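Colleague: The following file, target.csv, comprises CSV, C-alpha atoms:
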```
chain,number,residue,atom,x,y,z
A,93,MET,CA,-15.0,23.2,-31.9
A,94,LYS,CA,-11.6,22.0,-31.2
A,95,ARG,CA,-11.0,18.3,-31.7
A,96,LEU,CA,-9.3,16.5,-28.9
A,97,VAL,CA,-5.8,15.5,-29.7
A,98,LEU,CA,-4.6,12.2,-28.1
A,99,SER,CA,-1.0,13.1,-27.7
A,100,ILE,CA,0.5,9.7,-26.8
A,101,LEU,CA,3.1,9.1,-29.5
A,102,LEU,CA,6.3,7.8,-28.0
A,103,LEU,CA,9.8,7.8,-29.5
A,104,LEU,CA,11.3,4.5,-28.3
A,105,GLY,CA,14.9,4.3,-29.3
A,106,VAL,CA,15.6,1.6,-26.7
A,107,SER,CA,16.4,-2.1,-26.6
A,108,GLY,CA,14.1,-4.6,-25.2
A,109,VAL,CA,14.8,-6.4,-21.9
A,110,SER,CA,13.1,-9.6,-20.8
A,111,ALA,CA,12.8,-11.9,-17.8
A,112,GLN,CA,11.9,-11.2,-14.2
A,113,GLY,CA,14.3,-8.9,-12.4
A,114,THR,CA,14.7,-7.5,-8.9
A,115,SER,CA,14.9,-3.8,-9.9
A,116,GLY,CA,13.2,-1.4,-7.6
A,117,THR,CA,14.6,-2.7,-4.3
A,118,GLU,CA,16.1,-0.3,-1.9
A,119,GLY,CA,19.9,-0.3,-1.3
A,120,LYS,CA,23.1,1.6,-1.5
A,121,SER,CA,23.6,1.1,-5.2
A,122,ALA,CA,23.8,4.1,-7.4
A,123,GLU,CA,22.2,2.2,-10.3
A,124,PRO,CA,18.8,3.4,-11.5
A,125,LYS,CA,15.8,1.7,-10.0
A,126,GLN,CA,12.8,0.4,-11.8
A,127,LEU,CA,9.8,2.7,-12.1
A,128,LEU,CA,7.1,1.5,-9.8
A,129,LEU,CA,3.7,2.9,-10.9
A,130,ALA,CA,0.5,1.0,-11.1
A,131,ASP,CA,-2.2,1.7,-13.8
A,132,PRO,CA,0.4,3.5,-15.9
A,133,TYR,CA,-0.4,6.0,-18.7
A,134,VAL,CA,1.9,7.9,-21.0
A,135,LEU,CA,1.4,11.3,-22.7
A,136,GLU,CA,3.8,12.7,-25.3
A,137,ASP,CA,3.9,16.5,-25.6
A,138,ASN,CA,6.5,18.9,-27.1
A,139,GLY,CA,9.3,16.4,-27.2
A,140,TRP,CA,8.7,15.2,-23.6
A,141,TYR,CA,7.1,12.0,-22.4
A,142,TYR,CA,5.0,12.1,-19.2
A,143,ILE,CA,4.0,9.0,-17.2
A,144,TYR,CA,1.3,9.0,-14.6
A,145,GLY,CA,0.0,6.3,-12.4
A,146,THR,CA,-1.5,5.1,-9.1
A,147,HIS,CA,1.2,5.8,-6.5
A,148,ALA,CA,0.5,8.4,-3.9
A,149,GLU,CA,-2.3,8.7,-1.3
A,150,GLU,CA,-2.2,12.5,-1.6
A,151,GLY,CA,-2.8,12.6,-5.3
A,152,ILE,CA,-1.3,11.7,-8.7
A,153,VAL,CA,2.5,11.6,-9.4
A,154,VAL,CA,4.1,12.4,-12.8
A,155,TYR,CA,7.6,11.7,-14.2
A,156,ARG,CA,9.1,13.2,-17.3
A,157,SER,CA,11.6,11.7,-19.8
A,158,ARG,CA,13.2,12.6,-23.1
A,159,ASP,CA,13.7,9.0,-24.2
A,160,MET,CA,11.3,6.7,-22.3
A,161,ARG,CA,14.2,4.9,-20.7
A,162,SER,CA,15.1,7.2,-17.8
A,163,TRP,CA,12.3,8.9,-15.9
A,164,SER,CA,14.6,10.9,-13.6
A,165,ASP,CA,12.5,14.2,-13.7
A,166,LEU,CA,9.8,14.1,-11.1
A,167,CYS,CA,8.2,17.3,-12.5
A,168,GLY,CA,4.9,17.7,-10.6
A,169,LYS,CA,4.0,21.4,-9.9
A,170,ALA,CA,1.3,20.7,-7.4
A,171,LYS,CA,1.8,20.5,-3.6
A,172,GLY,CA,4.3,17.9,-2.6
A,173,GLY,CA,5.8,17.6,-6.1
A,174,LEU,CA,2.7,15.9,-7.5
A,175,ALA,CA,0.8,16.6,-10.7
A,176,LEU,CA,-2.5,16.6,-8.8
A,177,HIS,CA,-2.9,17.1,-5.0
A,178,ARG,CA,-6.0,16.4,-3.1
A,179,ASP,CA,-6.1,20.0,-1.8
A,180,ASP,CA,-7.0,21.1,-5.3
A,181,VAL,CA,-9.8,18.6,-6.1
A,182,TRP,CA,-12.7,16.7,-4.7
A,183,GLY,CA,-11.9,13.7,-2.5
A,184,GLU,CA,-9.4,12.8,0.1
A,185,LYS,CA,-7.9,9.5,-0.9
A,186,TRP,CA,-7.7,6.6,-3.4
A,187,PHE,CA,-6.4,8.6,-6.4
A,188,TRP,CA,-6.2,5.9,-9.0
A,189,ALA,CA,-5.7,5.2,-12.7
A,190,PRO,CA,-5.0,8.7,-14.2
A,191,GLU,CA,-5.0,9.5,-17.9
A,192,VAL,CA,-4.1,12.9,-19.4
A,193,TYR,CA,-5.2,14.3,-22.7
A,194,LYS,CA,-4.4,17.6,-24.5
A,195,VAL,CA,-7.5,19.6,-25.3
A,196,GLY,CA,-6.5,22.7,-27.3
A,197,LYS,CA,-3.8,24.4,-25.2
A,198,ARG,CA,-4.9,22.8,-21.9
A,199,TYR,CA,-4.5,19.4,-20.4
A,200,LEU,CA,-7.3,17.3,-18.9
A,201,MET,CA,-6.7,14.5,-16.4
A,202,THR,CA,-9.4,11.8,-15.8
A,203,TYR,CA,-8.9,9.6,-12.8
A,204,SER,CA,-10.9,8.2,-9.8
A,205,ALA,CA,-10.9,9.5,-6.2
A,206,GLU,CA,-12.8,7.7,-3.5
A,207,GLU,CA,-14.1,5.4,-6.2
A,208,HIS,CA,-15.7,8.2,-8.2
A,209,ILE,CA,-14.6,9.2,-11.7
A,210,CYS,CA,-13.4,12.7,-11.9
A,211,TYR,CA,-11.5,15.2,-14.1
A,212,ALA,CA,-9.2,18.1,-13.4
A,213,GLU,CA,-7.4,20.6,-15.7
A,214,SER,CA,-4.0,22.3,-16.0
A,215,ASP,CA,-2.0,24.6,-18.3
A,216,SER,CA,0.9,22.1,-18.1
A,217,PRO,CA,1.2,18.3,-18.2
A,218,CYS,CA,3.2,18.6,-15.0
A,219,GLY,CA,0.2,20.3,-13.3
A,220,PRO,CA,-1.0,21.5,-11.0
A,221,PHE,CA,-4.3,19.8,-12.1
A,222,VAL,CA,-7.2,21.5,-10.3
A,223,GLN,CA,-11.0,21.4,-10.4
A,224,ARG,CA,-12.7,24.7,-10.8
A,225,GLU,CA,-15.9,22.9,-9.5
A,226,LYS,CA,-14.9,20.2,-7.0
A,227,ARG,CA,-17.1,17.3,-7.9
A,228,PRO,CA,-17.0,13.9,-9.5
A,229,TYR,CA,-18.4,13.3,-13.0
A,230,LEU,CA,-21.3,11.3,-11.5
A,231,PRO,CA,-21.8,12.3,-7.9
A,232,ASN,CA,-24.5,9.8,-7.3
A,233,GLU,CA,-22.7,6.6,-8.2
A,234,LYS,CA,-19.3,5.1,-7.8
A,235,GLY,CA,-16.9,4.3,-10.6
A,236,ILE,CA,-13.2,3.8,-11.5
A,237,ASP,CA,-10.8,3.4,-14.5
A,238,SER,CA,-12.1,6.1,-16.8
A,239,SER,CA,-10.6,6.2,-20.3
A,240,PHE,CA,-11.5,8.4,-23.3
A,241,PHE,CA,-11.8,7.4,-27.0
A,242,ILE,CA,-12.4,10.1,-29.7
A,243,ASP,CA,-13.9,8.7,-32.9
A,244,ASP,CA,-13.0,9.9,-36.4
A,245,ASP,CA,-15.9,12.4,-36.4
A,246,GLY,CA,-14.6,14.0,-33.2
A,247,THR,CA,-17.3,12.5,-31.0
A,248,PRO,CA,-15.8,11.7,-27.5
A,249,TYR,CA,-16.7,8.6,-25.5
A,250,ILE,CA,-15.8,7.5,-22.0
A,251,PHE,CA,-15.2,3.9,-21.1
A,252,TRP,CA,-15.3,3.2,-17.3
A,253,VAL,CA,-16.1,0.7,-14.6
A,254,ARG,CA,-19.4,0.8,-12.7
A,255,PHE,CA,-20.0,-1.4,-9.7
A,256,THR,CA,-23.0,-3.2,-11.2
A,257,HIS,CA,-22.8,-6.8,-10.1
A,258,GLY,CA,-19.0,-6.7,-9.6
A,259,ASN,CA,-16.7,-4.4,-11.7
A,260,VAL,CA,-18.4,-4.0,-15.1
A,261,ILE,CA,-17.1,-2.0,-18.1
A,262,TRP,CA,-19.6,0.6,-19.5
A,263,VAL,CA,-19.4,3.2,-22.3
A,264,ALA,CA,-21.2,6.5,-22.8
A,265,GLU,CA,-21.0,9.5,-25.1
A,266,MET,CA,-19.5,12.7,-23.6
A,267,SER,CA,-19.9,16.4,-24.2
A,268,ARG,CA,-17.4,17.8,-26.6
A,269,ASP,CA,-15.4,19.6,-23.9
A,270,LEU,CA,-15.2,16.4,-21.9
A,271,HIS,CA,-16.8,18.0,-18.9
A,272,GLU,CA,-20.0,15.9,-18.8
A,273,VAL,CA,-20.9,12.2,-19.2
A,274,LYS,CA,-24.2,11.7,-21.2
A,275,LEU,CA,-25.4,9.0,-18.8
A,276,GLU,CA,-28.6,8.5,-20.8
A,277,THR,CA,-26.4,7.0,-23.6
A,278,ALA,CA,-24.6,4.5,-21.3
A,279,ARG,CA,-24.3,0.9,-22.4
A,280,ARG,CA,-23.1,-2.1,-20.5
A,281,LEU,CA,-20.2,-3.9,-22.3
A,282,ILE,CA,-18.0,-6.4,-20.4
A,283,ASP,CA,-18.9,-8.5,-17.3
A,284,ALA,CA,-16.4,-11.1,-16.0
A,285,GLN,CA,-17.7,-14.4,-17.4
A,286,GLY,CA,-17.8,-17.4,-15.1
A,287,GLY,CA,-16.1,-20.6,-16.1
A,288,THR,CA,-13.4,-18.7,-18.1
A,289,TRP,CA,-10.0,-17.0,-17.4
A,290,GLU,CA,-12.0,-13.9,-16.5
A,291,LEU,CA,-13.4,-15.2,-13.2
A,292,ARG,CA,-10.6,-17.0,-11.3
A,293,GLN,CA,-10.6,-14.5,-8.4
A,294,ALA,CA,-13.4,-11.9,-7.9
A,295,ARG,CA,-16.0,-10.7,-10.4
A,296,VAL,CA,-13.8,-8.0,-12.0
A,297,ALA,CA,-13.6,-6.5,-15.5
A,298,GLU,CA,-11.7,-3.2,-15.5
A,299,GLY,CA,-9.0,-1.1,-17.0
A,300,PRO,CA,-10.6,-0.5,-20.5
A,301,ALA,CA,-8.6,0.8,-23.4
A,302,VAL,CA,-10.0,1.2,-27.0
A,303,VAL,CA,-8.2,1.5,-30.3
A,304,LYS,CA,-9.6,1.6,-33.8
A,305,HIS,CA,-8.0,-0.5,-36.5
A,306,LYS,CA,-9.2,-0.9,-40.1
A,307,GLY,CA,-12.7,0.2,-39.3
A,308,LYS,CA,-13.1,-2.0,-36.2
A,309,TYR,CA,-13.1,-1.1,-32.5
A,310,TYR,CA,-10.8,-3.1,-30.3
A,311,LEU,CA,-11.5,-3.0,-26.6
A,312,THR,CA,-8.8,-4.4,-24.3
A,313,TYR,CA,-9.6,-4.9,-20.6
A,314,SER,CA,-8.3,-6.6,-17.5
A,315,CYS,CA,-10.0,-9.4,-15.5
A,316,ASN,CA,-9.6,-11.1,-12.1
A,317,HIS,CA,-8.7,-9.2,-8.9
A,318,TYR,CA,-5.5,-7.2,-9.3
A,319,GLN,CA,-4.1,-9.1,-6.4
A,320,SER,CA,-4.4,-12.4,-8.4
A,321,LYS,CA,-1.3,-13.7,-10.1
A,322,ASP,CA,-3.7,-14.5,-12.9
A,323,TYR,CA,-4.7,-10.9,-13.4
A,324,ALA,CA,-4.7,-10.7,-17.2
A,325,VAL,CA,-5.8,-8.7,-20.3
A,326,GLY,CA,-8.3,-9.7,-23.0
A,327,VAL,CA,-9.5,-8.2,-26.2
A,328,ALA,CA,-12.9,-7.8,-27.8
A,329,VAL,CA,-14.0,-6.4,-31.2
A,330,ALA,CA,-17.0,-4.4,-32.4
A,331,ASP,CA,-18.3,-2.7,-35.5
A,332,ASN,CA,-19.6,0.2,-33.4
A,333,VAL,CA,-17.8,2.1,-30.7
A,334,MET,CA,-20.8,1.5,-28.4
A,335,GLY,CA,-20.7,-2.2,-29.0
A,336,PRO,CA,-21.7,-5.0,-28.7
A,337,TYR,CA,-18.2,-6.3,-28.3
A,338,GLU,CA,-17.3,-9.9,-29.1
A,339,ARG,CA,-14.4,-11.5,-27.1
A,340,HIS,CA,-11.5,-13.2,-28.9
A,341,PRO,CA,-11.8,-17.0,-28.3
A,342,ASP,CA,-8.1,-17.3,-27.4
A,343,ASN,CA,-8.1,-14.7,-24.7
A,344,PRO,CA,-6.2,-13.6,-22.7
A,345,ILE,CA,-3.6,-11.8,-24.8
A,346,LEU,CA,-1.5,-10.9,-21.7
A,347,HIS,CA,-1.2,-13.4,-18.9
A,348,ARG,CA,1.8,-14.0,-16.6
A,349,HIS,CA,3.8,-12.3,-19.3
A,350,ALA,CA,7.5,-12.8,-19.8
A,351,GLY,CA,7.9,-14.4,-16.3
A,352,TYR,CA,5.9,-11.7,-14.5
A,353,VAL,CA,2.7,-12.3,-12.6
A,354,GLY,CA,-0.4,-10.0,-12.0
A,355,THR,CA,0.1,-8.4,-15.4
A,356,GLY,CA,-2.7,-6.0,-16.4
A,357,HIS,CA,-4.3,-2.6,-16.2
A,358,HIS,CA,-2.6,-1.2,-19.3
A,359,THR,CA,-2.8,1.5,-21.9
A,360,LEU,CA,-2.2,1.1,-25.7
A,361,THR,CA,0.3,3.6,-26.9
A,362,PRO,CA,0.9,4.2,-30.6
A,363,THR,CA,4.5,5.3,-31.5
A,364,PRO,CA,6.5,6.0,-34.7
A,365,LYS,CA,7.9,2.5,-34.3
A,366,GLY,CA,4.6,0.8,-33.7
A,367,LEU,CA,2.1,0.1,-30.9
A,368,TYR,CA,3.1,-0.5,-27.3
A,369,MET,CA,1.3,-1.8,-24.3
A,370,VAL,CA,2.2,0.0,-21.0
A,371,TYR,CA,1.1,-2.1,-18.0
A,372,HIS,CA,1.9,-3.1,-14.5
A,373,ALA,CA,2.8,-6.4,-12.8
A,374,HIS,CA,3.3,-7.6,-9.2
A,375,TYR,CA,6.5,-6.6,-7.5
A,376,SER,CA,7.6,-10.2,-7.4
A,377,GLY,CA,6.1,-13.7,-7.3
A,378,GLU,CA,5.6,-13.4,-3.6
A,379,LYS,CA,4.9,-9.6,-3.2
A,380,ILE,CA,2.2,-7.5,-4.9
A,381,HIS,CA,3.1,-3.9,-3.9
A,382,PRO,CA,4.7,-1.7,-5.1
A,383,ARG,CA,3.7,-2.8,-8.6
A,384,GLN,CA,6.2,-2.6,-11.5
A,385,THR,CA,5.8,-0.6,-14.7
A,386,LEU,CA,6.5,-2.5,-17.9
A,387,ILE,CA,6.3,-1.7,-21.6
A,388,ALA,CA,5.9,-4.3,-24.4
A,389,PRO,CA,5.6,-4.0,-28.2
A,390,ILE,CA,2.1,-5.1,-29.4
A,391,LYS,CA,0.8,-5.6,-32.9
A,392,PHE,CA,-2.4,-6.4,-34.8
A,393,VAL,CA,-2.3,-9.8,-36.4
A,394,ARG,CA,-4.8,-11.0,-39.0
A,395,ASP,CA,-7.1,-13.7,-37.5
A,396,LYS,CA,-9.2,-15.4,-40.2
A,397,GLU,CA,-10.7,-17.9,-37.7
A,398,TRP,CA,-12.2,-15.0,-35.7
A,399,GLY,CA,-14.1,-13.7,-38.6
A,400,LYS,CA,-13.9,-11.6,-41.8
A,401,ARG,CA,-11.6,-8.6,-41.6
A,402,ARG,CA,-10.8,-9.1,-37.9
A,403,TYR,CA,-7.5,-9.0,-36.2
A,404,THR,CA,-6.2,-10.0,-32.8
A,405,LEU,CA,-3.5,-8.3,-30.7
A,406,GLU,CA,-0.2,-10.1,-30.1
A,407,VAL,CA,2.1,-9.0,-27.3
A,408,SER,CA,5.9,-9.4,-27.7
A,409,ASN,CA,8.1,-10.9,-24.9
A,410,GLU,CA,10.6,-8.2,-25.5
A,411,LEU,CA,10.2,-5.8,-22.6
A,412,ILE,CA,11.2,-2.2,-22.0
A,413,ILE,CA,11.7,-1.6,-18.3
A,414,PRO,CA,11.5,2.1,-17.4
A,415,LYS,CA,14.1,3.3,-14.8
A,416,THR,CA,14.2,6.1,-12.4
A,417,GLU,CA,16.9,7.6,-10.2
```
Written as structure tokens, how would this file's structure read?
Modeller:
Amino acid sequence: MKRLVLSILLLLGVSGVSAQGTSGTEGKSAEPKQLLLADPYVLEDNGWYYIYGTHAEEGIVVYRSRDMRSWSDLCGKAKGGLALHRDDVWGEKWFWAPEVYKVGKRYLMTYSAEEHICYAESDSPCGPFVQREKRPYLPNEKGIDSSFFIDDDGTPYIFWVRFTHGNVIWVAEMSRDLHEVKLETARRLIDAQGGTWELRQARVAEGPAVVKHKGKYYLTYSCNHYQSKDYAVGVAVADNVMGPYERHPDNPILHRHAGYVGTGHHTLTPTPKGLYMVYHAHYSGEKIHPRQTLIAPIKFVRDKEWGKRRYTLEVSNELIIPKTE
């Protein structure tokens, strides 16, 4: 059995940039433009950094970089320069929230298409990602925002969103090759709670990401409709990967961050220089699309008031703003 390697270490030799900008607008300037990907995810592999996100109706886009600052290499090897094209997989539209993991010598992408969670495989992080059997993980039910977590014993789990009374975060164990969801193990984890920051616009809990720290499991998630300026990220902790998870009383940890609005749907990325949150924000205070890609340092902070041996996550206002030519 080969253990899944989560190859998401980033080398960030860049300076932080803060405050809302106007990067990404079209014009005659030769200056690099801001990278505009929603639901961003970063994979490190063999000295390169690959970023994937929600962007193209025909599939999934990928950019490549050596330094995380300039993503000038649009390296997709599938049709149309994409990493994944709809001709190679199940589904015709709505290719959302991709994540890519290295499994042995191959690469596995999990994503959603037509509101069904799927996976596809490739010999390269640039693709083409294809499905040998064109089907969703769960053909009989809808779902989005799939994310894997591999525990210390090598057991893989999938966190994803089911449409059970709104968008609700669930977890289930997976087969070791990540080809099957053991639905009989599924547990319901996070519903948007009324009367809190989680339910200001639509009953939505989505974009789960899990990291283990000092024996505890920290689940970060986004709430409110993504179109809301109050789209935000919270954190919950558990002693077991399958839950139950207890929310931090001072949530959210990311909300209208550093002058941006609609901040959420993130990934947590460990690097040699520390942990980073990669997330998206609205294009501006008046316009939602295309969404901006942002990166912020994030760290665990001891929180005695939350309980014994528990930490919270603190997001820095120093931003790294990825650019593309």
Colleague: Identify, on the basis of only C-alpha atoms, every residue whose closest approach to segment 332-346 of chain A does not exceed 9 Å; exclude the query and any residue fewer than 5 positions from it along the same chain; express the result as a ChimeraX atom specification.
Modeller: /A:241,243,249,263-265,278-282,289-290,302,304,308-311,314,323-327,355-356,398,404-407
Colleague: Could you tell me how far atom CA of Glu417 of chain A lies from atom CA of Ala189 of chain A, in Å and to one decimal?
Modeller: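 Atom CA of Ala189 of chain A lies 22.9 Å from atom CA of Glu417 of chain A.
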Colleague: Can you pull out every residue within 8 Å of Val353 of chain A, counting only C-alpha atoms, but drop anything in the same chain fewer than 6 positions away, and send it as a ChimeraX atom specification?
Modeller: /A:321-323,347,373-374,376-377
Colleague: List the spatial neighbours of Arg292 of chain A as a short mmCIF file (atom, residue, chain, number, x, y, z; two decimals) with C-alpha atoms, in the frame of the given file - criterion: any atom at most 9 Å away, all atoms listed in the file, same-chain residues fewer than 5 positions off excluded.
Modeller:
```
data_model
loop_
_atom_site.label_atom_id
_atom_site.label_comp_id
_atom_site.auth_asym_id
_atom_site.auth_seq_id
_atom_site.Cartn_x
_atom_site.Cartn_y
_atom_site.Cartn_z
CA GLY A 286 -17.80 -17.40 -15.10
CA GLY A 287 -16.10 -20.60 -16.10
CA CYS A 315 -10.00 -9.40 -15.50
CA ASN A 316 -9.60 -11.10 -12.10
CA HIS A 317 -8.70 -9.20 -8.90
CA SER A 320 -4.40 -12.40 -8.40
CA ASP A 322 -3.70 -14.50 -12.90
CA TYR A 323 -4.70 -10.90 -13.40
#
```
Colleague: Can you measure atom CA of Ala330 of chain A to atom CA of Thr312 of chain A for me? One decimal in Å is fine.
Modeller: 11.5 Å
Colleague: Between A:Met266, A:Ala301, A:Ile143, A:Val260, single out the one closest to Asp283 of chain A, counting all atoms listed in the file.
Modeller: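 The shortest atom-to-atom distance to Asp283 of chain A comes from A:Val260.
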Colleague: If I only have part of segment 198-220 of chain A, can you fill in N, CA and C atoms and write it as a JSON list (two decimals), keeping the file's coordinate frame?
Modeller:
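Okay, this is what ended up in out29.json:
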```
[["chain", "number", "residue", "atom", "x", "y", "z"],
["A", 198, "ARG", "N", -4.82, 23.27, -23.31],
["A", 198, "ARG", "CA", -4.90, 22.80, -21.90],
["A", 198, "ARG", "C", -4.82, 21.31, -21.83],
["A", 199, "TYR", "N", -4.67, 20.82, -20.61],
["A", 199, "TYR", "CA", -4.50, 19.40, -20.40],
["A", 199, "TYR", "C", -5.63, 18.95, -19.39],
["A", 200, "LEU", "N", -6.26, 17.85, -19.73],
["A", 200, "LEU", "CA", -7.30, 17.30, -18.90],
["A", 200, "LEU", "C", -6.93, 15.94, -18.38],
["A", 201, "MET", "N", -7.01, 15.76, -17.08],
["A", 201, "MET", "CA", -6.70, 14.50, -16.40],
["A", 201, "MET", "C", -8.05, 13.86, -15.99],
["A", 202, "THR", "N", -8.28, 12.61, -16.38],
["A", 202, "THR", "CA", -9.40, 11.80, -15.80],
["A", 202, "THR", "C", -8.79, 10.77, -14.91],
["A", 203, "TYR", "N", -9.46, 10.50, -13.80],
["A", 203, "TYR", "CA", -8.90, 9.60, -12.80],
["A", 203, "TYR", "C", -10.09, 9.27, -11.83],
["A", 204, "SER", "N", -9.83, 8.46, -10.84],
["A", 204, "SER", "CA", -10.90, 8.20, -9.80],
["A", 204, "SER", "C", -10.32, 8.64, -8.46],
["A", 205, "ALA", "N", -11.23, 9.15, -7.63],
["A", 205, "ALA", "CA", -10.90, 9.50, -6.20],
["A", 205, "ALA", "C", -12.09, 8.98, -5.39],
["A", 206, "GLU", "N", -11.74, 8.28, -4.34],
["A", 206, "GLU", "CA", -12.80, 7.70, -3.50],
["A", 206, "GLU", "C", -13.79, 6.90, -4.27],
["A", 207, "GLU", "N", -13.30, 6.20, -5.29],
["A", 207, "GLU", "CA", -14.10, 5.40, -6.20],
["A", 207, "GLU", "C", -15.24, 6.15, -6.86],
["A", 208, "HIS", "N", -14.89, 7.36, -7.29],
["A", 208, "HIS", "CA", -15.70, 8.20, -8.20],
["A", 208, "HIS", "C", -14.88, 8.69, -9.30],
["A", 209, "ILE", "N", -15.38, 8.64, -10.54],
["A", 209, "ILE", "CA", -14.60, 9.20, -11.70],
["A", 209, "ILE", "C", -14.66, 10.69, -11.66],
["A", 210, "CYS", "N", -13.52, 11.29, -11.96],
["A", 210, "CYS", "CA", -13.40, 12.70, -11.90],
["A", 210, "CYS", "C", -12.55, 13.27, -13.04],
["A", 211, "TYR", "N", -12.46, 14.58, -13.15],
["A", 211, "TYR", "CA", -11.50, 15.20, -14.10],
["A", 211, "TYR", "C", -10.98, 16.47, -13.42],
["A", 212, "ALA", "N", -9.77, 16.85, -13.83],
["A", 212, "ALA", "CA", -9.20, 18.10, -13.40],
["A", 212, "ALA", "C", -8.35, 18.64, -14.59],
["A", 213, "GLU", "N", -8.06, 19.93, -14.58],
["A", 213, "GLU", "CA", -7.40, 20.60, -15.70],
["A", 213, "GLU", "C", -6.18, 21.37, -15.29],
["A", 214, "SER", "N", -5.28, 21.58, -16.28],
["A", 214, "SER", "CA", -4.00, 22.30, -16.00],
["A", 214, "SER", "C", -3.55, 22.96, -17.30],
["A", 215, "ASP", "N", -2.68, 23.95, -17.14],
["A", 215, "ASP", "CA", -2.00, 24.60, -18.30],
["A", 215, "ASP", "C", -0.75, 23.82, -18.67],
["A", 216, "SER", "N", -0.34, 22.82, -17.86],
["A", 216, "SER", "CA", 0.90, 22.10, -18.10],
["A", 216, "SER", "C", 0.67, 20.61, -17.80],
["A", 217, "PRO", "N", 1.34, 19.72, -18.54],
["A", 217, "PRO", "CA", 1.20, 18.30, -18.20],
["A", 217, "PRO", "C", 1.83, 17.95, -16.86],
["A", 218, "CYS", "N", 2.64, 18.84, -16.30],
["A", 218, "CYS", "CA", 3.20, 18.60, -15.00],
["A", 218, "CYS", "C", 2.24, 19.13, -13.87],
["A", 219, "GLY", "N", 1.14, 19.77, -14.28],
["A", 219, "GLY", "CA", 0.20, 20.30, -13.30],
["A", 219, "GLY", "C", 0.53, 21.73, -12.93],
["A", 220, "PRO", "N", -0.09, 22.24, -11.88],
["A", 220, "PRO", "CA", -1.00, 21.50, -11.00],
["A", 220, "PRO", "C", -2.38, 21.33, -11.69]]
```
